[in-house]
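Okay, structure first, notes after.
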Amino acid sequence: MQLDWSALGEVAAVSTGVTVGVVVVFALGVLGLARAETAREGDGGTDPVGLGVAGLCFLACASVVAYGIHLIVPQFH
């Protein structure tokens, strides 16, 4: 049995990169929600930019998760 080490390394590198990217995007979404909450507590208003950033970040995270599930489940192909 032969092991293709370069393919294994490539899969490991891509999965690590995507994982770090999703975590960073999720953290930016949490930061956007925190900014919106701070604005609400401070002057009673809302921060539409913070809410928009949070929504886009969480949508991006959900899209990556949905794509991963699509790749794993054979009935979706």
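Going by the structure tokens order, chains are called A, B, ..., each with residues numbered from 1, while ligands are numbered from 1 in the order shown.
Residues surrounding range 51-63 of chain A within 7 Å are Val22, Val25, Phe26, Leu28, Gly29, Val30, Gly32, Leu33, Ala36, Asp47, Pro48, Ala66 and Tyr67 of chain A [only C-alpha atoms; sequence separation below 3 positions excluded].
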Inset, instruction - Just the residues within 12 Å of range 1-17 of chain A, please, counting only C-alpha atoms, with nothing from its chain fewer than 5 positions along; format it as JSON, numbers by chain. - result: {"A": [22, 23, 24, 64, 68]}
Legend entry - Which of chain A fall in alpha helix (DSSP H), as a PyMOL selection string: chain A and resi 5-43+48-72
